[in-house]
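Structure file target-v6.cif (mmCIF, C-alpha atoms) follows.
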data_work
#
loop_
_atom_site.label_atom_id
_atom_site.label_comp_id
_atom_site.auth_asym_id
_atom_site.auth_seq_id
_atom_site.Cartn_x
_atom_site.Cartn_y
_atom_site.Cartn_z
CA MET A 134 0.00 0.00 0.00
CA ASP A 135 1.04 3.52 -0.68
CA GLU A 136 0.45 5.10 2.73
CA HIS A 137 0.36 8.58 1.24
CA ALA A 138 -2.44 7.51 -1.12
CA VAL A 139 -4.36 5.88 1.72
CA ARG A 140 -4.07 8.95 3.95
CA ALA A 141 -5.20 11.11 1.03
CA GLY A 142 -8.15 8.80 0.43
CA ILE A 143 -9.29 8.95 4.04
CA SER A 144 -8.99 12.72 4.06
CA ALA A 145 -10.87 13.00 0.78
CA ALA A 146 -13.69 10.82 2.11
CA VAL A 147 -14.18 13.06 5.16
CA ASP A 148 -14.02 16.14 2.93
CA SER A 149 -17.54 15.19 1.79
CA ILE A 150 -18.82 16.53 5.13
CA ALA A 151 -19.64 20.20 4.70
CA GLY A 152 -17.61 22.68 6.70
CA VAL A 153 -14.78 20.35 7.78
CA THR A 154 -11.15 21.10 6.93
CA CYS A 155 -9.33 17.85 6.15
CA THR A 156 -5.64 17.05 5.91
CA PRO A 157 -3.98 13.68 5.38
CA TYR A 158 -1.18 14.72 7.76
CA VAL A 159 -0.83 16.41 11.14
CA PRO A 160 -1.08 20.13 10.33
CA ASP A 161 0.98 22.87 11.97
CA ALA A 162 -2.10 25.05 12.20
CA ILE A 163 -5.76 24.09 12.67
CA THR A 164 -8.79 25.53 10.90
CA GLU A 165 -11.54 24.06 13.06
CA PRO A 166 -13.46 21.91 12.77
CA HIS A 167 -10.44 20.05 11.47
CA PHE A 168 -9.99 16.36 10.66
CA PHE A 169 -6.54 14.96 10.13
CA VAL A 170 -4.87 11.59 9.79
CA ALA A 171 -2.27 11.32 12.50
CA GLU A 172 -0.30 8.30 13.70
CA SER A 173 -0.20 4.94 11.94
CA GLU A 174 0.93 1.43 12.76
CA THR A 175 1.59 -1.01 9.92
CA THR A 176 1.50 -4.78 10.26
CA PHE A 177 3.27 -6.57 7.43
CA ASP A 178 2.92 -10.06 5.97
CA LEU A 179 -0.65 -10.98 6.87
CA ALA A 180 -0.58 -13.21 3.79
CA HIS A 181 2.34 -14.83 1.98
CA ARG A 182 4.41 -13.18 -0.69
CA ARG A 183 3.61 -9.67 0.54
CA ALA A 184 0.00 -10.02 -0.53
CA LEU A 185 -1.57 -8.31 2.49
CA ASP A 186 -0.62 -5.67 5.03
CA SER A 187 -2.78 -3.75 7.46
CA ILE A 188 -2.48 -0.20 8.73
CA GLN A 189 -4.08 1.05 11.91
CA PHE A 190 -4.53 4.83 11.64
CA THR A 191 -5.25 7.17 14.48
CA CYS A 192 -7.19 10.18 13.19
CA ARG A 193 -8.40 13.22 15.10
CA ILE A 194 -11.27 15.62 14.82
CA LEU A 195 -10.85 18.94 16.60
CA VAL A 196 -13.56 21.58 17.08
CA GLY A 197 -13.38 25.06 18.55
CA ARG A 198 -14.31 25.83 22.18
CA ALA A 199 -16.08 29.16 21.75
CA ASP A 200 -19.11 27.73 23.57
CA ASP A 201 -18.93 24.57 25.72
CA LEU A 202 -22.36 23.13 24.87
CA SER A 203 -22.38 23.95 21.18
CA ALA A 204 -18.83 22.63 20.76
CA GLN A 205 -19.80 19.30 22.26
CA ARG A 206 -22.93 19.10 20.14
CA ILE A 207 -20.85 19.71 17.02
CA LEU A 208 -18.36 17.07 18.11
CA ASN A 209 -21.15 14.60 18.83
CA GLY A 210 -22.37 15.01 15.26
CA PHE A 211 -18.96 13.96 13.98
CA THR A 212 -18.56 11.02 16.33
CA SER A 213 -22.04 9.57 15.90
CA GLY A 214 -22.36 6.31 14.00
CA SER A 215 -24.93 7.80 11.63
CA GLY A 216 -26.14 11.16 10.45
CA THR A 217 -25.08 13.88 8.05
CA ASN A 218 -21.81 14.67 9.82
CA SER A 219 -20.88 11.13 10.87
CA LEU A 220 -17.18 10.50 10.30
CA LYS A 221 -17.74 6.73 10.29
CA VAL A 222 -20.34 7.04 7.52
CA ALA A 223 -18.15 9.36 5.47
CA ILE A 224 -14.98 7.25 5.71
CA GLU A 225 -16.78 3.98 5.04
CA SER A 226 -18.67 5.44 2.08
CA VAL A 227 -15.75 4.28 -0.10
CA ARG A 228 -16.69 0.61 0.63
CA THR A 229 -18.51 -0.28 -2.54
CA HIS A 230 -18.21 -4.05 -1.94
CA ASN A 231 -18.45 -4.89 -5.63
CA GLY A 232 -15.53 -7.27 -5.37
CA GLY A 233 -12.93 -4.73 -6.40
CA THR A 234 -10.36 -2.66 -4.59
CA LEU A 235 -11.08 0.76 -3.09
CA MET A 236 -9.55 4.24 -3.32
CA SER A 237 -8.51 3.73 -6.96
CA GLY A 238 -6.80 0.48 -6.09
CA ALA A 239 -4.95 1.74 -3.03
CA ILE A 240 -6.65 -0.58 -0.50
CA HIS A 241 -8.80 -3.69 -0.14
CA ASP A 242 -11.04 -2.47 2.65
CA ILE A 243 -11.41 0.13 5.39
CA VAL A 244 -13.41 0.28 8.60
CA VAL A 245 -13.72 2.77 11.45
CA ARG A 246 -13.42 0.50 14.47
CA ALA A 247 -13.82 3.00 17.27
CA ILE A 248 -14.05 6.65 18.18
CA ARG A 249 -12.84 7.50 21.63
CA ALA A 250 -11.07 9.95 23.92
CA HIS A 251 -13.57 12.82 23.89
CA ARG A 252 -11.43 15.40 25.65
CA PHE A 253 -9.48 18.62 25.29
CA TYR A 254 -6.50 18.55 22.95
CA GLU A 255 -3.73 21.11 22.75
CA HIS A 256 -2.54 21.78 19.22
CA ALA A 257 0.05 24.45 18.40
CA GLY A 258 -0.54 26.04 21.80
CA VAL A 259 -4.33 26.27 21.46
CA GLU A 260 -6.86 24.08 23.26
CA TYR A 261 -9.60 22.36 21.28
CA LEU A 262 -12.34 19.84 22.01
CA GLY A 263 -11.89 16.68 20.05
CA ALA A 264 -11.88 12.92 19.69
CA GLU A 265 -9.73 10.20 18.16
CA LEU A 266 -10.72 7.63 15.55
CA ASP A 267 -9.27 4.15 15.05
CA VAL A 268 -9.35 3.47 11.32
CA TYR A 269 -8.31 -0.01 10.13
CA VAL A 270 -7.17 -0.52 6.55
CA ILE A 271 -6.08 -3.67 4.68
CA GLY A 272 -4.38 -3.75 1.33
CA SER A 273 -1.68 -5.27 -0.80
CA GLY A 274 1.79 -5.20 0.64
CA VAL A 275 3.38 -4.26 -2.67
CA MET B 403 19.04 -23.85 3.23
CA ALA B 404 19.15 -21.92 6.49
CA LYS B 405 16.40 -21.70 9.06
CA ALA B 406 13.63 -19.52 7.69
CA VAL B 407 10.84 -17.20 8.69
CA LEU B 408 7.80 -18.10 6.63
CA THR B 409 6.67 -15.17 4.49
CA ASP B 410 6.82 -16.59 0.99
CA VAL B 411 5.05 -19.95 1.00
CA ARG B 412 3.41 -20.62 -2.36
CA THR B 413 0.25 -22.73 -2.37
CA PHE B 414 -1.35 -24.02 -5.55
CA LEU B 415 -4.64 -25.95 -5.61
CA GLY B 416 -5.99 -27.10 -8.94
CA GLY B 417 -6.02 -24.02 -11.16
CA ALA B 418 -5.76 -21.49 -8.34
CA ASP B 419 -2.72 -19.77 -6.87
CA LEU B 420 -3.76 -19.35 -3.25
CA THR B 421 -0.49 -17.77 -2.17
CA GLY B 422 -1.79 -14.24 -1.71
CA ASN B 423 -4.80 -15.46 0.27
CA THR B 424 -2.92 -17.84 2.55
CA ASN B 425 -1.38 -17.21 5.93
CA LYS B 426 -1.26 -20.80 7.10
CA VAL B 427 -0.60 -24.04 5.27
CA GLN B 428 0.45 -27.38 6.65
CA ILE B 429 1.05 -30.69 4.88
CA SER B 430 1.46 -33.80 7.01
CA SER B 431 2.55 -37.31 6.12
CA GLU B 432 1.87 -40.08 8.60
CA CYS B 433 1.97 -43.84 8.73
CA GLU B 434 -0.11 -46.16 10.89
CA GLU B 435 1.52 -47.73 13.87
CA LYS B 436 1.11 -51.52 13.71
CA GLY B 437 2.10 -53.36 16.85
CA THR B 438 4.41 -56.36 16.56
CA THR B 439 5.34 -56.78 20.20
CA ASN B 440 6.24 -60.34 21.11
CA TYR B 441 7.78 -62.28 23.93
CA GLY B 442 11.18 -61.65 22.45
CA SER B 443 10.78 -57.83 22.44
CA GLY B 444 12.65 -57.47 25.73
CA GLY B 445 9.84 -55.67 27.49
CA TRP B 446 9.53 -52.90 24.89
CA HIS B 447 6.80 -52.28 22.37
CA GLU B 448 7.70 -53.02 18.80
CA CYS B 449 5.89 -51.75 15.74
CA VAL B 450 6.09 -51.46 12.01
CA GLY B 451 4.63 -48.86 9.68
CA GLY B 452 1.24 -49.57 8.16
CA LEU B 453 -0.67 -47.52 5.66
CA TYR B 454 0.45 -43.97 4.95
CA ASP B 455 -1.74 -40.92 4.90
CA THR B 456 -1.43 -37.31 3.85
CA SER B 457 -3.38 -34.40 5.23
CA ILE B 458 -3.39 -30.73 4.30
CA ASP B 459 -4.69 -27.79 6.31
CA ALA B 460 -4.72 -24.35 4.77
CA ALA B 461 -6.25 -21.03 5.76
CA GLY B 462 -6.08 -17.35 4.99
CA GLN B 463 -8.05 -14.36 3.77
CA TRP B 464 -11.27 -15.02 1.88
CA GLU B 465 -11.75 -13.57 -1.59
CA ALA B 466 -14.28 -14.35 -4.32
CA GLY B 467 -14.89 -13.27 -7.90
CA ASP B 468 -13.60 -15.66 -10.55
CA ALA B 469 -12.14 -19.14 -10.94
CA SER B 470 -8.73 -17.95 -9.79
CA LYS B 471 -10.03 -16.74 -6.42
CA VAL B 472 -9.91 -18.92 -3.32
CA ASP B 473 -13.67 -19.04 -2.71
CA ASN B 474 -14.52 -20.02 -6.29
CA ALA B 475 -11.81 -22.68 -6.40
CA THR B 476 -12.31 -24.27 -2.99
CA TYR B 477 -16.11 -24.14 -2.79
CA ALA B 478 -16.31 -26.04 -6.06
CA GLY B 479 -13.66 -28.42 -4.83
CA ILE B 480 -15.56 -29.94 -1.91
CA ALA B 481 -15.56 -33.74 -2.19
CA THR B 482 -13.30 -33.63 -5.22
CA VAL B 483 -9.72 -34.76 -5.68
CA ALA B 484 -7.32 -32.09 -6.84
CA PRO B 485 -3.56 -31.53 -7.09
CA TRP B 486 -1.78 -29.51 -4.40
CA THR B 487 1.70 -28.03 -4.62
CA ILE B 488 3.23 -26.27 -1.64
CA VAL B 489 6.53 -24.45 -1.95
CA PRO B 490 8.11 -23.32 1.34
CA THR B 491 10.19 -20.50 -0.12
CA SER B 492 11.08 -18.68 -3.30
CA GLY B 493 9.09 -20.61 -5.89
CA THR B 494 11.79 -20.40 -8.55
CA ALA B 495 12.64 -23.43 -10.70
CA GLY B 496 14.39 -26.03 -8.60
CA SER B 497 12.96 -24.78 -5.29
CA LEU B 498 11.87 -27.43 -2.83
CA ALA B 499 8.22 -28.35 -3.33
CA TYR B 500 5.78 -30.82 -1.81
CA LEU B 501 3.17 -32.21 -4.17
CA THR B 502 0.26 -34.56 -3.85
CA LYS B 503 -3.30 -35.20 -4.91
CA SER B 504 -5.89 -34.93 -2.16
CA LEU B 505 -9.60 -35.17 -1.49
CA GLN B 506 -10.97 -31.88 -0.16
CA THR B 507 -13.12 -32.83 2.80
CA SER B 508 -14.10 -29.43 4.12
CA TYR B 509 -14.28 -25.75 3.26
CA THR B 510 -15.27 -23.10 5.75
CA ALA B 511 -15.80 -19.50 4.66
CA PRO B 512 -16.36 -16.67 5.08
CA GLN B 513 -15.51 -16.86 8.74
CA GLY B 514 -14.58 -14.44 11.44
CA GLY B 515 -16.23 -12.14 13.90
CA ILE B 516 -17.74 -8.81 12.97
CA GLY B 517 -14.96 -6.38 12.13
CA ASP B 518 -12.45 -9.15 11.39
CA VAL B 519 -10.88 -9.75 7.98
CA ALA B 520 -12.97 -12.47 6.31
CA GLU B 521 -11.15 -15.80 6.45
CA TRP B 522 -11.31 -19.24 4.85
CA SER B 523 -10.01 -22.65 5.76
CA VAL B 524 -9.72 -25.96 3.93
CA LYS B 525 -8.91 -29.51 4.94
CA ALA B 526 -7.86 -32.18 2.46
CA VAL B 527 -6.81 -35.78 2.97
CA GLY B 528 -4.46 -37.87 0.93
CA ASN B 529 -5.38 -39.70 -2.18
CA TRP B 530 -1.79 -40.15 -3.31
CA PRO B 531 1.59 -40.14 -1.61
CA THR B 532 3.20 -36.81 -0.88
CA ALA B 533 6.30 -36.40 -3.01
CA ARG B 534 9.13 -34.18 -1.88
CA GLY B 535 10.43 -32.70 -5.10
CA ALA B 536 10.95 -29.37 -6.79
CA VAL B 537 9.38 -26.60 -8.79
CA ALA B 538 9.71 -27.51 -12.46
CA HIS B 539 8.13 -24.35 -13.87
CA PRO B 540 7.40 -21.41 -11.59
CA ALA B 541 4.23 -19.37 -11.79
CA GLY B 542 4.61 -15.73 -12.76
CA THR B 543 6.16 -15.96 -16.24
CA PRO B 544 3.51 -15.93 -18.97
CA ARG B 545 4.20 -18.32 -21.82
CA THR B 546 2.98 -17.61 -25.30
CA THR B 547 4.90 -20.24 -27.27
CA SER B 548 5.98 -23.84 -26.79
CA GLY B 549 9.15 -24.35 -24.81
CA THR B 550 11.12 -26.18 -22.16
CA GLY B 551 11.92 -25.42 -18.57
CA THR B 552 14.99 -25.47 -16.37
CA SER B 553 16.87 -28.73 -15.84
CA VAL B 554 16.51 -30.07 -12.28
CA GLN B 555 18.56 -32.99 -10.96
CA LEU B 556 15.85 -34.91 -9.11
CA GLY B 557 17.66 -38.21 -9.33
CA ALA B 558 16.86 -41.65 -10.72
CA VAL B 559 13.52 -43.36 -10.21
CA ALA B 560 14.02 -46.82 -8.75
CA ALA B 561 11.84 -49.84 -9.41
CA GLY B 562 8.75 -49.53 -7.26
CA GLN B 563 8.96 -45.73 -7.27
CA TYR B 564 7.03 -43.21 -9.33
CA LEU B 565 7.78 -39.84 -10.86
CA TYR B 566 4.93 -37.59 -9.66
CA ALA B 567 4.04 -34.31 -11.36
CA ASN B 568 1.39 -31.62 -10.93
CA ILE B 569 0.39 -28.89 -13.36
CA HIS B 570 -1.62 -25.87 -12.26
CA VAL B 571 -2.95 -23.80 -15.18
CA LEU B 572 -3.61 -20.44 -13.53
CA SER B 573 -4.74 -18.22 -16.39
CA VAL B 574 -5.57 -18.60 -20.07
CA SER B 575 -6.02 -15.97 -22.74
CA GLY B 576 -6.15 -15.84 -26.51
CA THR B 577 -8.51 -16.97 -29.26
CA SER B 578 -9.03 -20.03 -31.44
CA THR B 579 -9.10 -22.29 -28.37
CA PRO B 580 -5.73 -21.57 -26.77
CA THR B 581 -4.37 -24.89 -25.54
CA ILE B 582 -1.42 -25.91 -23.43
CA THR B 583 -0.14 -29.49 -23.16
CA GLY B 584 2.47 -29.96 -20.47
CA ARG B 585 4.90 -32.83 -20.24
CA ILE B 586 7.86 -34.00 -18.19
CA GLU B 587 11.13 -35.00 -19.86
CA SER B 588 14.23 -36.70 -18.54
CA ASP B 589 17.80 -37.13 -19.68
CA ASP B 590 21.13 -38.34 -18.39
CA ASN B 591 22.72 -34.90 -18.74
CA SER B 592 21.73 -31.39 -17.75
CA GLY B 593 21.95 -30.20 -21.34
CA PHE B 594 19.12 -32.50 -22.39
CA THR B 595 20.87 -33.60 -25.55
CA SER B 596 18.62 -36.66 -25.80
CA ALA B 597 15.43 -35.85 -23.93
CA THR B 598 12.78 -38.51 -23.39
CA THR B 599 9.20 -37.68 -22.58
CA ARG B 600 8.15 -39.64 -19.52
CA LEU B 601 4.75 -38.12 -18.72
CA THR B 602 2.24 -36.00 -20.64
CA PHE B 603 -0.62 -34.05 -19.06
CA ALA B 604 -3.99 -33.72 -20.72
CA ALA B 605 -4.39 -30.70 -22.98
CA ALA B 606 -5.75 -27.76 -20.99
CA THR B 607 -7.87 -24.99 -22.47
CA ALA B 608 -9.07 -23.42 -19.22
CA ILE B 609 -7.98 -22.72 -15.65
CA SER B 610 -7.45 -26.21 -14.21
CA GLY B 611 -5.08 -28.58 -12.48
CA GLU B 612 -3.93 -32.15 -12.98
CA ALA B 613 -1.86 -34.63 -11.02
CA SER B 614 -0.12 -37.43 -12.86
CA ARG B 615 2.53 -40.06 -12.30
CA VAL B 616 4.58 -42.62 -14.14
CA ALA B 617 6.14 -45.76 -12.71
CA GLY B 618 9.87 -46.29 -12.73
CA PRO B 619 12.54 -47.46 -13.08
CA PHE B 620 14.34 -44.64 -14.92
CA THR B 621 18.09 -44.24 -14.79
CA ASP B 622 18.02 -40.62 -16.01
CA THR B 623 18.68 -38.17 -13.19
CA TYR B 624 17.88 -34.84 -14.89
CA TRP B 625 14.29 -33.74 -15.31
CA ARG B 626 12.51 -30.76 -16.80
CA ALA B 627 9.06 -29.49 -17.70
CA ALA B 628 8.11 -28.77 -21.29
CA TRP B 629 4.98 -27.45 -22.92
CA THR B 630 3.27 -27.16 -26.27
CA ILE B 631 1.05 -24.14 -26.82
CA SER B 632 -1.39 -23.55 -29.65
CA GLY B 633 -4.07 -21.03 -30.53
CA THR B 634 -4.14 -17.41 -31.66
CA THR B 635 -2.19 -14.98 -29.46
CA PRO B 636 -2.24 -17.50 -26.61
CA SER B 637 -0.85 -16.67 -23.18
CA PHE B 638 -0.71 -18.97 -20.18
CA LEU B 639 0.34 -18.66 -16.57
CA PHE B 640 1.05 -22.06 -15.06
CA ALA B 641 3.10 -23.85 -12.44
CA ILE B 642 4.52 -27.37 -12.66
CA SER B 643 6.03 -29.37 -9.83
CA PHE B 644 7.60 -32.83 -9.80
CA GLY B 645 9.07 -35.29 -7.36
CA ILE B 646 10.03 -38.90 -6.89
CA ARG B 647 8.60 -41.29 -4.34
#
Reformat the file's structure so that it appears as structure tokens.
Amino acid sequence: MDEHAVRAGISAAVDSIAGVTCTPYVPDAITEPHFFVAESETTFDLAHRRALDSIQFTCRILVGRADDLSAQRILNGFTSGSGTNSLKVAIESVRTHNGGTLMSGAIHDIVVRAIRAHRFYEHAGVEYLGAELDVYVIGSGV
Amino acid sequence: MAKAVLTDVRTFLGGADLTGNTNKVQISSECEEKGTTNYGSGGWHECVGGLYDTSIDAAGQWEAGDASKVDNATYAGIATVAPWTIVPTSGTAGSLAYLTKSLQTSYTAPQGGIGDVAEWSVKAVGNWPTARGAVAHPAGTPRTTSGTGTSVQLGAVAAGQYLYANIHVLSVSGTSTPTITGRIESDDNSGFTSATTRLTFAAATAISGEASRVAGPFTDTYWRAAWTISGTTPSFLFAISFGIR
């Protein structure tokens, strides 16, 4: 898998949600609400002859704290399992399940396994309200 | 060959290359224990070997779509006998290979809990001996014309032994009924100056596999695969393995 292509694909999928700034990398500066693909952990050789690897991505969604209640409501919309602003729905919208690969051949499948850690995050010296996503991807190892 | 970490095991079943969908494969050869303990055994059990048996267990990631995919190949293979070739490493001509012909007794797929990668598993039991031989023609190189493979010094076939060979036709393209007929040749020298055909597979026009054997004795020690291809713009991907037992 080309990790750059996978990160770009995840970011592009979330970009379908109106009003969210998306980056496939950890940005120096945030334009909230901001979704970005952060850390990754790759497991190699799930099948022989480099046929399958998996990548576990940690992604984050950060929203502004101008108002405590409204900020949490906005965040809840992103972390819900359904709805217009659901990150899980947006990311998994690439799963066509027609037997082919996804993201223009970059991966075999993708699933948002969990969203957790609703808390304050400090980014570039500013505090935001946010959450983390566990995104699991499988694809060819070559 | 040094000790190895398994990352490159090639598994062929019939006309399917299961390598990229496999993360576990095991081939076992066993013989029955037949007791022969007698009063002269000195207080210890004695036994001799009875009938032999082969068993294969394989598993990996489930995938479906066409005859080359694991689900299509193994679902159709339940209760049928098919050739298996398992190559521990590399897969190049001359690499160590185990080959046999087995009855597929079970197929389980897709399996796994919600959120897991879909898996498959297969069990097959022996219908023929397992031969420890070599790759005669590796998969991966498309062939469009007739030709011969790399010479491999398998050794002589003694009386009572057989030369076993498997062919796995993995993909076929072309028009006017593209056909491949594989065969195994032997000679007393690596240059194959006087090759003799010892075994010929049935002509294949589609993705398929065949196991065959020929009884010895043969004094030739060098062996190679060869193939005849016909049709219009034909192209074949195939693997051939052979061994002596």
Practice task
Apply the PyMOL selection byres ((chain A) within 6 of (chain B)) to the file shown and report the selected residues as number ranges by chain.
Solution key: A: 180-182, 184
Open item on the list: Given the PyMOL selection byres ((chain A and resi 254) around 10) and the file above, list the residues it selects as a list in words.
Closed with: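 That expression, the PyMOL selection byres ((chain A and resi 254) around 10), corresponds here to Arg193, Ile194, Leu195, Val196, Ala250, His251, Arg252, Phe253, Glu255, His256, Ala257, Gly258, Val259, Glu260, Tyr261, Leu262, Gly263 and Ala264 of chain A.
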inquiry  = Residue by residue, what does the PyMOL selection byres ((chain B and resi 603) around 7) grab here? Present the result as an MDAnalysis selection string.
reply    = chainID B and resid 583:585 601:602 604:605
(message) Quick one: residues within 10 Å of Tyr269 of chain A, only C-alpha atoms, excluding same-chain residues fewer than 4 positions away - as a ChimeraX atom specification?
(response) /A:173-175,187-191,242-247 /B:517
File of the preceding selection, C-alpha atoms, as a short mmCIF file (atom, residue, chain, number, x, y, z; two decimals), in the frame of the given file:
data_model
loop_
_atom_site.label_atom_id
_atom_site.label_comp_id
_atom_site.auth_asym_id
_atom_site.auth_seq_id
_atom_site.Cartn_x
_atom_site.Cartn_y
_atom_site.Cartn_z
CA SER A 173 -0.20 4.94 11.94
CA GLU A 174 0.93 1.43 12.76
CA THR A 175 1.59 -1.01 9.92
CA SER A 187 -2.78 -3.75 7.46
CA ILE A 188 -2.48 -0.20 8.73
CA GLN A 189 -4.08 1.05 11.91
CA PHE A 190 -4.53 4.83 11.64
CA THR A 191 -5.25 7.17 14.48
CA ASP A 242 -11.04 -2.47 2.65
CA ILE A 243 -11.41 0.13 5.39
CA VAL A 244 -13.41 0.28 8.60
CA VAL A 245 -13.72 2.77 11.45
CA ARG A 246 -13.42 0.50 14.47
CA ALA A 247 -13.82 3.00 17.27
CA GLY B 517 -14.96 -6.38 12.13
#
Pick out the closest residue to Thr217 of chain A from this set: A:Leu235, A:Val159, A:Val147, A:Ala141. Count only C-alpha atoms.
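The closest residue to Thr217 of chain A is A:Val147.
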Point-to-point distance in Å for atom CA of Asp419 of chain B and atom CA of Gly557 of chain B: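 Atom CA of Asp419 of chain B lies 27.6 Å from atom CA of Gly557 of chain B.
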Expressed in Å, the length from atom CA of Leu208 of chain A to atom CA of Ser144 of chain A is 17.4 Å
Next item on the list: Would you mind telling me which residue in B:Gln563, B:Thr547, B:Ser573, B:Ser592 lies nearest to Thr630 of chain B when using all atoms listed in the file?
Entry: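 Nearest to Thr630 of chain B: B:Thr547.
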* Separation of atom CA of Trp486 of chain B from atom CA of Gly576 of chain B in Å ->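 Taking atom CA of Gly576 of chain B and atom CA of Trp486 of chain B, their separation equals 26.4 Å.
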Extract segment 556-571 of chain B from the preceding block and save C-alpha atoms as a short mmCIF file (atom, residue, chain, number, x, y, z; two decimals), in the first residue's frame.
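Contents of part.cif, freshly written:
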data_model
loop_
_atom_site.label_atom_id
_atom_site.label_comp_id
_atom_site.auth_asym_id
_atom_site.auth_seq_id
_atom_site.Cartn_x
_atom_site.Cartn_y
_atom_site.Cartn_z
CA LEU B 556 15.85 -34.91 -9.11
CA GLY B 557 17.66 -38.21 -9.33
CA ALA B 558 16.86 -41.65 -10.72
CA VAL B 559 13.52 -43.36 -10.21
CA ALA B 560 14.02 -46.82 -8.75
CA ALA B 561 11.84 -49.84 -9.41
CA GLY B 562 8.75 -49.53 -7.26
CA GLN B 563 8.96 -45.73 -7.27
CA TYR B 564 7.03 -43.21 -9.33
CA LEU B 565 7.78 -39.84 -10.86
CA TYR B 566 4.93 -37.59 -9.66
CA ALA B 567 4.04 -34.31 -11.36
CA ASN B 568 1.39 -31.62 -10.93
CA ILE B 569 0.39 -28.89 -13.36
CA HIS B 570 -1.62 -25.87 -12.26
CA VAL B 571 -2.95 -23.80 -15.18
#
